[in-house]
file coords_11.cif (mmCIF, C-alpha atoms and all ligand atoms)
data_final
#
loop_
_atom_site.label_atom_id
_atom_site.label_comp_id
_atom_site.auth_asym_id
_atom_site.auth_seq_id
_atom_site.Cartn_x
_atom_site.Cartn_y
_atom_site.Cartn_z
CA MET A 1 0.00 0.00 0.00
CA LEU A 2 2.85 2.35 0.86
CA GLU A 3 6.39 2.06 -0.36
CA ILE A 4 9.28 4.31 0.57
CA ILE A 5 12.30 4.09 -1.70
CA ASN A 6 15.71 5.61 -0.95
CA LEU A 7 14.01 8.49 0.85
CA SER A 8 16.22 11.23 2.28
CA TYR A 9 15.56 14.59 3.90
CA ARG A 10 18.23 17.21 4.34
CA ALA A 11 17.85 20.58 6.08
CA GLN A 12 20.11 23.56 6.57
CA ASP A 13 21.48 23.82 10.10
CA ASP A 14 23.99 26.59 10.84
CA ASN A 15 24.51 26.97 7.07
CA GLN A 16 25.45 23.31 6.82
CA ASP A 17 23.49 20.56 5.13
CA LYS A 18 22.20 18.17 7.78
CA GLU A 19 21.06 14.68 6.80
CA ILE A 20 17.93 14.22 8.91
CA LEU A 21 16.69 11.10 7.12
CA ASP A 22 19.20 9.06 5.22
CA ASN A 23 18.17 6.66 2.48
CA ILE A 24 15.09 5.09 4.06
CA ASN A 25 13.53 2.01 2.43
CA LEU A 26 10.27 0.60 3.80
CA LYS A 27 7.24 -1.32 2.61
CA PHE A 28 3.89 -1.11 4.39
CA GLU A 29 1.18 -3.71 3.72
CA ASP A 30 -2.60 -3.19 3.81
CA ASN A 31 -4.36 -3.20 7.18
CA TYR A 32 -1.38 -3.62 9.48
CA THR A 33 -0.33 -1.31 12.30
CA TYR A 34 3.25 -0.02 12.27
CA VAL A 35 4.88 1.81 15.14
CA ILE A 36 7.84 4.10 14.46
CA THR A 37 9.99 4.44 17.55
CA GLY A 38 13.49 5.61 18.45
CA PRO A 39 15.27 8.28 20.47
CA ASN A 40 14.33 11.97 20.38
CA GLY A 41 15.64 13.59 17.24
CA SER A 42 16.03 10.28 15.36
CA GLY A 43 13.75 11.50 12.54
CA LYS A 44 10.38 9.92 13.41
CA SER A 45 8.24 13.04 12.92
CA THR A 46 10.21 13.95 9.80
CA LEU A 47 9.45 10.55 8.26
CA ALA A 48 5.75 10.88 9.11
CA LYS A 49 5.65 14.41 7.64
CA LEU A 50 7.34 13.28 4.42
CA VAL A 51 4.65 10.61 3.92
CA MET A 52 1.88 13.22 4.38
CA GLY A 53 3.69 15.81 2.24
CA ILE A 54 4.09 18.32 5.07
CA LEU A 55 7.81 18.32 4.28
CA PRO A 56 9.27 17.80 0.80
CA ALA A 57 11.61 14.85 0.18
CA SER A 58 15.18 15.86 -0.73
CA SER A 59 15.54 12.68 -2.76
CA GLY A 60 13.86 9.31 -3.15
CA LYS A 61 10.30 8.20 -3.84
CA ILE A 62 7.03 7.56 -2.03
CA LEU A 63 4.52 5.25 -3.72
CA PHE A 64 0.93 4.97 -2.46
CA ASN A 65 -0.93 2.01 -3.93
CA GLY A 66 1.59 2.06 -6.76
CA MET A 67 1.16 5.77 -7.50
CA ASN A 68 4.13 8.09 -7.18
CA ILE A 69 2.97 10.72 -4.66
CA THR A 70 6.43 12.17 -3.87
CA SER A 71 5.59 15.62 -5.20
CA LEU A 72 1.84 15.71 -4.44
CA PRO A 73 0.64 18.41 -1.99
CA ILE A 74 -1.00 17.47 1.33
CA ASN A 75 -4.60 17.95 0.15
CA GLU A 76 -4.06 15.63 -2.83
CA ARG A 77 -2.61 12.97 -0.55
CA ALA A 78 -5.60 13.43 1.80
CA LYS A 79 -7.96 12.89 -1.16
CA LEU A 80 -6.18 9.63 -1.94
CA GLY A 81 -6.91 8.46 1.63
CA ILE A 82 -4.06 9.52 3.90
CA SER A 83 -4.80 11.20 7.23
CA TYR A 84 -2.38 12.79 9.68
CA ALA A 85 -2.56 13.81 13.34
CA PHE A 86 0.26 16.12 14.43
CA GLN A 87 2.53 15.62 17.45
CA THR A 88 1.63 19.20 18.41
CA PRO A 89 -1.90 19.86 17.14
CA VAL A 90 -2.54 22.83 14.91
CA THR A 91 -5.06 25.45 16.04
CA PHE A 92 -7.35 27.44 13.75
CA LYS A 93 -8.48 30.93 14.78
CA GLY A 94 -12.22 31.43 14.38
CA LEU A 95 -13.16 27.91 13.26
CA LYS A 96 -15.42 25.99 15.58
CA ILE A 97 -14.95 22.31 16.35
CA ARG A 98 -18.25 21.49 14.59
CA ASP A 99 -16.97 23.22 11.37
CA LEU A 100 -13.72 21.28 11.46
CA ILE A 101 -15.54 17.99 11.92
CA ASP A 102 -17.71 18.78 8.88
CA VAL A 103 -14.57 19.59 6.83
CA ALA A 104 -12.71 16.47 7.99
CA CYS A 105 -15.73 14.22 7.33
CA GLY A 106 -16.42 15.85 3.95
CA GLN A 107 -20.09 16.39 4.87
CA LYS A 108 -22.33 18.16 7.37
CA LYS A 109 -22.84 16.05 10.47
CA SER A 110 -25.82 16.10 12.84
CA PHE A 111 -25.40 16.76 16.55
CA ASP A 112 -25.87 13.03 17.27
CA GLN A 113 -23.20 12.09 14.73
CA ILE A 114 -20.77 14.65 16.18
CA CYS A 115 -21.58 13.29 19.61
CA GLU A 116 -20.62 9.80 18.44
CA ILE A 117 -17.36 11.05 16.88
CA LEU A 118 -16.28 13.05 19.95
CA SER A 119 -17.31 10.36 22.41
CA LYS A 120 -14.75 8.03 20.78
CA VAL A 121 -12.08 10.32 22.19
CA GLY A 122 -13.85 10.75 25.52
CA LEU A 123 -15.33 14.21 24.91
CA CYS A 124 -18.95 15.27 25.31
CA ALA A 125 -20.23 17.06 22.19
CA LYS A 126 -22.37 19.60 24.04
CA ASP A 127 -19.30 21.01 25.81
CA TYR A 128 -17.15 21.25 22.68
CA ILE A 129 -19.21 21.49 19.48
CA ASN A 130 -19.35 25.31 19.44
CA ARG A 131 -15.91 25.96 20.90
CA PRO A 132 -13.22 27.34 18.63
CA LEU A 133 -10.20 25.10 18.12
CA ASP A 134 -7.79 27.59 19.64
CA ASP A 135 -5.10 27.71 22.26
CA LYS A 136 -7.66 28.06 25.07
CA LEU A 137 -8.11 24.28 24.85
CA SER A 138 -5.66 22.22 26.88
CA GLY A 139 -2.97 20.15 25.15
CA GLY A 140 -4.87 16.94 25.96
CA GLU A 141 -8.17 18.33 24.63
CA LEU A 142 -6.50 19.47 21.41
CA LYS A 143 -4.86 16.11 20.98
CA ARG A 144 -8.15 14.24 21.43
CA ILE A 145 -9.97 16.51 18.96
CA GLU A 146 -7.21 16.05 16.44
CA ILE A 147 -7.44 12.28 16.76
CA ALA A 148 -11.25 12.52 16.30
CA LEU A 149 -10.72 14.64 13.15
CA ALA A 150 -8.28 12.07 11.77
CA LEU A 151 -10.67 9.18 12.53
CA CYS A 152 -13.68 10.69 10.82
CA GLN A 153 -11.76 10.92 7.53
CA GLU A 154 -11.96 7.10 7.45
CA ALA A 155 -8.64 7.09 5.61
CA LYS A 156 -6.89 4.05 4.16
CA LEU A 157 -3.66 5.17 5.80
CA ASN A 158 -3.73 6.87 9.20
CA ILE A 159 -0.62 8.56 10.56
CA PHE A 160 -0.51 9.54 14.24
CA ASP A 161 2.51 11.34 15.65
CA GLU A 162 2.85 10.61 19.38
CA PRO A 163 -0.91 10.37 19.96
CA GLU A 164 -0.35 9.65 23.66
CA ALA A 165 1.34 13.01 24.32
CA GLY A 166 -0.70 15.04 26.80
CA ILE A 167 -3.39 12.37 27.14
CA ASP A 168 -4.26 11.39 30.70
CA LEU A 169 -4.34 7.82 31.93
CA TRP A 170 -8.12 7.36 31.66
CA SER A 171 -8.15 8.29 28.00
CA PHE A 172 -5.07 6.22 27.34
CA ASP A 173 -7.23 3.07 27.59
CA ASN A 174 -9.62 4.75 25.16
CA LEU A 175 -6.77 5.47 22.80
CA ILE A 176 -5.69 1.83 22.82
CA ASP A 177 -9.31 0.80 22.08
CA ILE A 178 -9.35 3.23 19.15
CA PHE A 179 -6.18 1.75 17.64
CA ASN A 180 -7.44 -1.77 18.21
CA SER A 181 -10.64 -0.89 16.34
CA LEU A 182 -8.78 0.40 13.26
CA LYS A 183 -8.76 -2.87 11.37
CA ASN A 184 -9.67 -1.67 7.88
CA SER A 185 -6.81 0.75 7.48
CA THR A 186 -3.04 0.78 7.60
CA ASN A 187 -1.86 2.72 10.64
CA ILE A 188 1.49 4.35 11.27
CA ILE A 189 1.89 5.45 14.87
CA VAL A 190 4.95 7.34 16.08
CA SER A 191 5.26 6.38 19.74
CA HIS A 192 7.51 5.54 22.67
CA GLN A 193 4.71 3.97 24.67
CA LYS A 194 5.10 0.33 25.59
CA ARG A 195 1.36 -0.32 25.34
CA ILE A 196 1.23 1.14 21.86
CA LEU A 197 4.25 -0.93 20.83
CA HIS A 198 2.34 -3.99 22.05
CA ILE A 199 -0.71 -3.36 19.85
CA SER A 200 1.40 -2.99 16.70
CA ASP A 201 2.13 -5.64 14.09
CA TYR A 202 5.50 -4.23 13.02
CA ILE A 203 8.01 -1.88 14.63
CA ILE A 204 10.41 0.47 12.86
CA LEU A 205 13.29 1.54 15.05
CA LEU A 206 14.99 4.73 13.88
CA LYS A 207 18.40 5.95 14.94
CA ASN A 208 20.17 9.06 13.63
CA GLY A 209 17.92 9.23 10.59
CA GLN A 210 18.41 5.59 9.58
CA ILE A 211 16.49 2.39 10.12
CA GLU A 212 18.22 0.47 12.85
CA LYS A 213 15.67 -2.33 12.90
CA PHE A 214 12.42 -3.17 11.12
CA GLY A 215 10.59 -6.30 12.10
CA LYS A 216 7.60 -7.96 13.68
CA LYS A 217 6.65 -6.73 17.13
CA GLU A 218 7.56 -10.14 18.61
CA GLU A 219 11.09 -9.66 17.34
CA VAL A 220 11.68 -5.97 18.12
CA VAL A 221 9.98 -5.56 21.54
CA PRO A 222 12.38 -7.99 23.34
CA LEU A 223 15.30 -6.09 21.82
CA LEU A 224 13.96 -2.77 23.13
CA GLU A 225 13.24 -4.27 26.55
CA LYS A 226 16.74 -5.71 26.78
CA ARG A 227 18.19 -2.28 25.98
CA GLN A 228 16.06 -0.61 28.61
CA CYS A 229 17.26 -3.15 31.21
CA ALA A 230 20.87 -2.56 30.19
CA ARG A 231 20.36 1.21 30.60
CA LEU A 232 18.83 0.73 34.05
CA VAL A 233 21.71 -1.51 35.14
CA ARG A 234 24.25 1.04 33.88
CA SER A 235 22.54 3.88 35.72
CA LYS A 236 22.65 2.04 39.09
N1 LIG B 1 14.17 22.24 9.48
C1 LIG B 1 15.12 21.71 10.23
N2 LIG B 1 16.36 22.24 10.27
C2 LIG B 1 17.34 21.67 11.00
N3 LIG B 1 17.18 20.56 11.74
C3 LIG B 1 15.96 20.01 11.76
C4 LIG B 1 14.87 20.52 11.01
N4 LIG B 1 13.78 19.73 11.21
C5 LIG B 1 14.18 18.77 12.06
N5 LIG B 1 15.48 18.92 12.39
C6 LIG B 1 16.28 18.03 13.24
O1 LIG B 1 16.15 16.73 12.71
C7 LIG B 1 16.17 15.78 13.73
C8 LIG B 1 14.94 14.89 13.63
O2 LIG B 1 13.77 15.61 14.01
P1 LIG B 1 12.37 14.90 14.25
O3 LIG B 1 11.99 14.15 13.03
O4 LIG B 1 11.42 15.94 14.75
O5 LIG B 1 12.75 13.88 15.42
P2 LIG B 1 11.85 12.93 16.33
O6 LIG B 1 10.43 13.09 15.92
O7 LIG B 1 12.39 11.56 16.13
O8 LIG B 1 12.09 13.38 17.75
C9 LIG B 1 16.27 16.55 15.03
O9 LIG B 1 17.63 16.56 15.43
C10 LIG B 1 15.79 17.93 14.67
O10 LIG B 1 16.37 18.89 15.49
MG MG B 2 8.69 13.84 16.90
#
call {"tool": "encode", "arguments": {"input": "coords_11.cif", "output": "structure tokens", "more": "lines below"}}
Ligand SMILES: Nc1ncnc2c1ncn2[C@@H]1O[C@H](COP(=O)(O)OP(=O)(O)O)[C@@H](O)[C@H]1O
Ligand SMILES: [Mg+2]
result
Amino acid sequence: MLEIINLSYRAQDDNQDKEILDNINLKFEDNYTYVITGPNGSGKSTLAKLVMGILPASSGKILFNGMNITSLPINERAKLGISYAFQTPVTFKGLKIRDLIDVACGQKKSFDQICEILSKVGLCAKDYINRPLDDKLSGGELKRIEIALALCQEAKLNIFDEPEAGIDLWSFDNLIDIFNSLKNSTNIIVSHQKRILHISDYIILLKNGQIEKFGKKEEVVPLLEKRQCARLVRSK
């Protein structure tokens, strides 16, 4: 469904070219859940943004269902069935949550339908429907609304960048239920969370802009756990 071929991203840092992603090759199959993990700054968000077209590739190719989408803008990729939820949600001055839900769903939704959409992320429609999506909402509220907006697009490929960030423990169970219910789409979740790693099918471990390991969860989780133990022993 998604194929990434020799993908690189370079940016200017202190007037020097910095290789942020270096020759990435990956293949994603239909209806599996992939978690991208790795240390801070390893390039996880950059990879997610390149797939959505939020950042332009410096070189390489991205194929979506066989179609070369490398130079397509975000809205064209969205039309093809790719959705994206930011690590730090974007706010829109003046637009109400109900308007954004209508835009994301591609049609006007009734109060009951909006209620159903928002309840998936643990929010009550009557408290939120007429609120603007601005910085008066807490980080956790913004994050939940953004996840709801991504879900109602019913995309073939969902990308979530650190969906757990800012979400309290009660809604974390909800979040896991949401990911478990996404069976008819391919899901790419950038995360450090053990519980999210455990609901994945495959894990991509990034390090310094390269793939250190790509494999089935059963293969990669023990490796990550062993490393964490080694770190704990060293820090004693
Ligand atoms: N436009 C940019 N210019 C320079 N460096 C950048 C730019 N964008 C990202 N970086 C750097 O690239 C690295 C990877 O960033 P990012 O993909 O956000 O990491 P992650 O999501 O894994 O924490 C970081 O070191 C970050 O500082
Ligand atoms: Mg990130």
call {"tool": "atom_distance", "arguments": {"input": "coords_11.cif", "atom1": "CA of Asn25 in chain A", "atom2": "CA of Val90 in chain A"}}
result
29.1 Å
call {"tool": "residues_around", "arguments": {"input": "coords_11.cif", "residues": "Leu123 in chain A", "least_positions_apart": "6", "cutoff": "10 Å", "atoms": "only C-alpha atoms", "output": "MDAnalysis selection string"}}
result
chainID A and resid 115:117 129 141 144:145 148 171
call {"tool": "atom_distance", "arguments": {"input": "coords_11.cif", "atom1": "CA of Leu197 in chain A", "atom2": "CA of Lys217 in chain A"}}
result
7.3 Å
call {"tool": "residues_around", "arguments": {"input": "coords_11.cif", "residues": "Ile101 in chain A", "least_positions_apart": "5", "cutoff": "9 Å", "atoms": "all atoms listed in the file", "output": "PyMOL selection string"}}
result
chain A and resi 96+106-109+114+117+148-149+152
call {"tool": "atom_distance", "arguments": {"input": "coords_11.cif", "atom1": "atom N4 of ligand LIG 1 (chain B)", "atom2": "CA of Asn208 in chain A"}}
result
12.7 Å
call {"tool": "residues_around", "arguments": {"input": "coords_11.cif", "residues": "Asn40 in chain A", "least_positions_apart": "2", "cutoff": "10 Å", "atoms": "only C-alpha atoms", "output": "ChimeraX atom specification"}}
result
/A:37-38,42-45,192,206-208
call {"tool": "closest_atom_pairs", "arguments": {"input": "coords_11.cif", "of": "chain A", "to": "ligand LIG 1 (chain B)", "cutoff": "12 Å", "atoms": "all atoms listed in the file", "output": "tab-separated table"}}
result
residue	atom	partner	partner_atom	distance
A:Ser8	CA	B:LIG1	O1	11.8
A:Tyr9	CA	B:LIG1	O1	9.1
A:Arg10	CA	B:LIG1	N2	8.0
A:Ala11	CA	B:LIG1	N2	4.7
A:Gln12	CA	B:LIG1	N2	5.4
A:Asp13	CA	B:LIG1	C2	4.8
A:Asp14	CA	B:LIG1	C2	8.3
A:Asn15	CA	B:LIG1	C2	9.7
A:Gln16	CA	B:LIG1	C2	9.3
A:Asp17	CA	B:LIG1	C2	8.6
A:Lys18	CA	B:LIG1	C2	6.8
A:Glu19	CA	B:LIG1	O1	8.0
A:Ile20	CA	B:LIG1	O1	4.9
A:Leu21	CA	B:LIG1	C8	7.7
A:Asp22	CA	B:LIG1	C8	11.1
A:Ile36	CA	B:LIG1	O7	8.9
A:Thr37	CA	B:LIG1	O7	7.6
A:Gly38	CA	B:LIG1	O7	6.5
A:Pro39	CA	B:LIG1	O7	6.2
A:Asn40	CA	B:LIG1	O8	3.7
A:Gly41	CA	B:LIG1	O5	3.4
A:Ser42	CA	B:LIG1	O7	3.9
A:Gly43	CA	B:LIG1	O3	3.2
A:Lys44	CA	B:LIG1	O7	3.8
A:Ser45	CA	B:LIG1	O6	3.7
A:Thr46	CA	B:LIG1	O3	3.7
A:Leu47	CA	B:LIG1	O3	6.5
A:Ala48	CA	B:LIG1	O3	8.1
A:Lys49	CA	B:LIG1	O3	8.3
A:Leu50	CA	B:LIG1	O3	9.8
A:Ile54	CA	B:LIG1	N4	11.6
A:Leu55	CA	B:LIG1	N1	9.1
A:Pro56	CA	B:LIG1	N1	10.9
A:Phe86	CA	B:LIG1	O6	10.7
A:Gln87	CA	B:LIG1	O6	8.4
A:Thr88	CA	B:LIG1	O4	10.9
A:Phe160	CA	B:LIG1	O6	11.6
A:Asp161	CA	B:LIG1	O6	8.1
A:Glu162	CA	B:LIG1	O6	8.7
A:Ile189	CA	B:LIG1	O6	11.5
A:Val190	CA	B:LIG1	O6	7.9
A:Ser191	CA	B:LIG1	O6	9.3
A:His192	CA	B:LIG1	O7	10.1
A:Ile204	CA	B:LIG1	O7	11.7
A:Leu205	CA	B:LIG1	O7	10.1
A:Leu206	CA	B:LIG1	O7	7.6
A:Lys207	CA	B:LIG1	O7	8.3
A:Asn208	CA	B:LIG1	C7	7.8
A:Gly209	CA	B:LIG1	C8	7.1
A:Gln210	CA	B:LIG1	O7	10.7
A:Ile211	CA	B:LIG1	O7	11.7
call {"tool": "closest_residue", "arguments": {"input": "coords_11.cif", "among": "A:Asp201, A:Asp112, A:Glu219, A:Glu212", "to": "Glu29 in chain A", "atoms": "all atoms listed in the file"}}
result
A:Asp201
call {"tool": "residues_near_point", "arguments": {"input": "coords_11.cif", "point": "(10.3, -1.6, 27.7)", "cutoff": "12 Å", "atoms": "all atoms listed in the file", "output": "list in words"}}
result
Thr37, His192, Gln193, Lys194, Arg195, Ile196, Leu197, His198, Val220, Val221, Pro222, Leu223, Leu224, Glu225, Lys226, Arg227, Gln228, Cys229, Ala230, Arg231 and Leu232 of chain A
call {"tool": "closest_residue", "arguments": {"input": "coords_11.cif", "among": "A:Ala165, A:Ala57, A:Ile176, A:Ile24", "to": "ligand MG 2 (chain B)", "atoms": "only C-alpha atoms and all ligand atoms"}}
result
A:Ala165
call {"tool": "closest_residue", "arguments": {"input": "coords_11.cif", "among": "A:Leu7, A:Ala155, A:Ala150, A:Val121", "to": "Lys61 in chain A", "atoms": "all atoms listed in the file"}}
result
A:Leu7
call {"tool": "closest_residue", "arguments": {"input": "coords_11.cif", "among": "A:Pro163, A:Ser110, A:Gly53, A:Ser83", "to": "ligand MG 2 (chain B)", "atoms": "only C-alpha atoms and all ligand atoms"}}
result
A:Pro163
call {"tool": "closest_residue", "arguments": {"input": "coords_11.cif", "among": "A:Leu26, A:Ala85, A:Phe92, A:Ser59", "to": "ligand MG 2 (chain B)", "atoms": "all atoms listed in the file"}}
result
A:Ala85
call {"tool": "decode", "arguments": {"input": "coords_11.cif", "residues": "range 86-178 of chain A", "atoms": "C-alpha atoms", "output": "CSV table (one decimal), in the first residue's frame"}}
result
chain,number,residue,atom,x,y,z
A,86,PHE,CA,0.3,16.1,14.4
A,87,GLN,CA,2.5,15.6,17.4
A,88,THR,CA,1.6,19.2,18.4
A,89,PRO,CA,-1.9,19.9,17.1
A,90,VAL,CA,-2.5,22.8,14.9
A,91,THR,CA,-5.1,25.5,16.0
A,92,PHE,CA,-7.4,27.4,13.8
A,93,LYS,CA,-8.5,30.9,14.8
A,94,GLY,CA,-12.2,31.4,14.4
A,95,LEU,CA,-13.2,27.9,13.3
A,96,LYS,CA,-15.4,26.0,15.6
A,97,ILE,CA,-14.9,22.3,16.3
A,98,ARG,CA,-18.2,21.5,14.6
A,99,ASP,CA,-17.0,23.2,11.4
A,100,LEU,CA,-13.7,21.3,11.5
A,101,ILE,CA,-15.5,18.0,11.9
A,102,ASP,CA,-17.7,18.8,8.9
A,103,VAL,CA,-14.6,19.6,6.8
A,104,ALA,CA,-12.7,16.5,8.0
A,105,CYS,CA,-15.7,14.2,7.3
A,106,GLY,CA,-16.4,15.9,4.0
A,107,GLN,CA,-20.1,16.4,4.9
A,108,LYS,CA,-22.3,18.2,7.4
A,109,LYS,CA,-22.8,16.1,10.5
A,110,SER,CA,-25.8,16.1,12.8
A,111,PHE,CA,-25.4,16.8,16.6
A,112,ASP,CA,-25.9,13.0,17.3
A,113,GLN,CA,-23.2,12.1,14.7
A,114,ILE,CA,-20.8,14.6,16.2
A,115,CYS,CA,-21.6,13.3,19.6
A,116,GLU,CA,-20.6,9.8,18.4
A,117,ILE,CA,-17.4,11.0,16.9
A,118,LEU,CA,-16.3,13.0,20.0
A,119,SER,CA,-17.3,10.4,22.4
A,120,LYS,CA,-14.8,8.0,20.8
A,121,VAL,CA,-12.1,10.3,22.2
A,122,GLY,CA,-13.8,10.8,25.5
A,123,LEU,CA,-15.3,14.2,24.9
A,124,CYS,CA,-18.9,15.3,25.3
A,125,ALA,CA,-20.2,17.1,22.2
A,126,LYS,CA,-22.4,19.6,24.0
A,127,ASP,CA,-19.3,21.0,25.8
A,128,TYR,CA,-17.1,21.2,22.7
A,129,ILE,CA,-19.2,21.5,19.5
A,130,ASN,CA,-19.3,25.3,19.4
A,131,ARG,CA,-15.9,26.0,20.9
A,132,PRO,CA,-13.2,27.3,18.6
A,133,LEU,CA,-10.2,25.1,18.1
A,134,ASP,CA,-7.8,27.6,19.6
A,135,ASP,CA,-5.1,27.7,22.3
A,136,LYS,CA,-7.7,28.1,25.1
A,137,LEU,CA,-8.1,24.3,24.8
A,138,SER,CA,-5.7,22.2,26.9
A,139,GLY,CA,-3.0,20.2,25.2
A,140,GLY,CA,-4.9,16.9,26.0
A,141,GLU,CA,-8.2,18.3,24.6
A,142,LEU,CA,-6.5,19.5,21.4
A,143,LYS,CA,-4.9,16.1,21.0
A,144,ARG,CA,-8.2,14.2,21.4
A,145,ILE,CA,-10.0,16.5,19.0
A,146,GLU,CA,-7.2,16.1,16.4
A,147,ILE,CA,-7.4,12.3,16.8
A,148,ALA,CA,-11.2,12.5,16.3
A,149,LEU,CA,-10.7,14.6,13.1
A,150,ALA,CA,-8.3,12.1,11.8
A,151,LEU,CA,-10.7,9.2,12.5
A,152,CYS,CA,-13.7,10.7,10.8
A,153,GLN,CA,-11.8,10.9,7.5
A,154,GLU,CA,-12.0,7.1,7.4
A,155,ALA,CA,-8.6,7.1,5.6
A,156,LYS,CA,-6.9,4.0,4.2
A,157,LEU,CA,-3.7,5.2,5.8
A,158,ASN,CA,-3.7,6.9,9.2
A,159,ILE,CA,-0.6,8.6,10.6
A,160,PHE,CA,-0.5,9.5,14.2
A,161,ASP,CA,2.5,11.3,15.6
A,162,GLU,CA,2.8,10.6,19.4
A,163,PRO,CA,-0.9,10.4,20.0
A,164,GLU,CA,-0.4,9.7,23.7
A,165,ALA,CA,1.3,13.0,24.3
A,166,GLY,CA,-0.7,15.0,26.8
A,167,ILE,CA,-3.4,12.4,27.1
A,168,ASP,CA,-4.3,11.4,30.7
A,169,LEU,CA,-4.3,7.8,31.9
A,170,TRP,CA,-8.1,7.4,31.7
A,171,SER,CA,-8.2,8.3,28.0
A,172,PHE,CA,-5.1,6.2,27.3
A,173,ASP,CA,-7.2,3.1,27.6
A,174,ASN,CA,-9.6,4.8,25.2
A,175,LEU,CA,-6.8,5.5,22.8
A,176,ILE,CA,-5.7,1.8,22.8
A,177,ASP,CA,-9.3,0.8,22.1
A,178,ILE,CA,-9.4,3.2,19.2
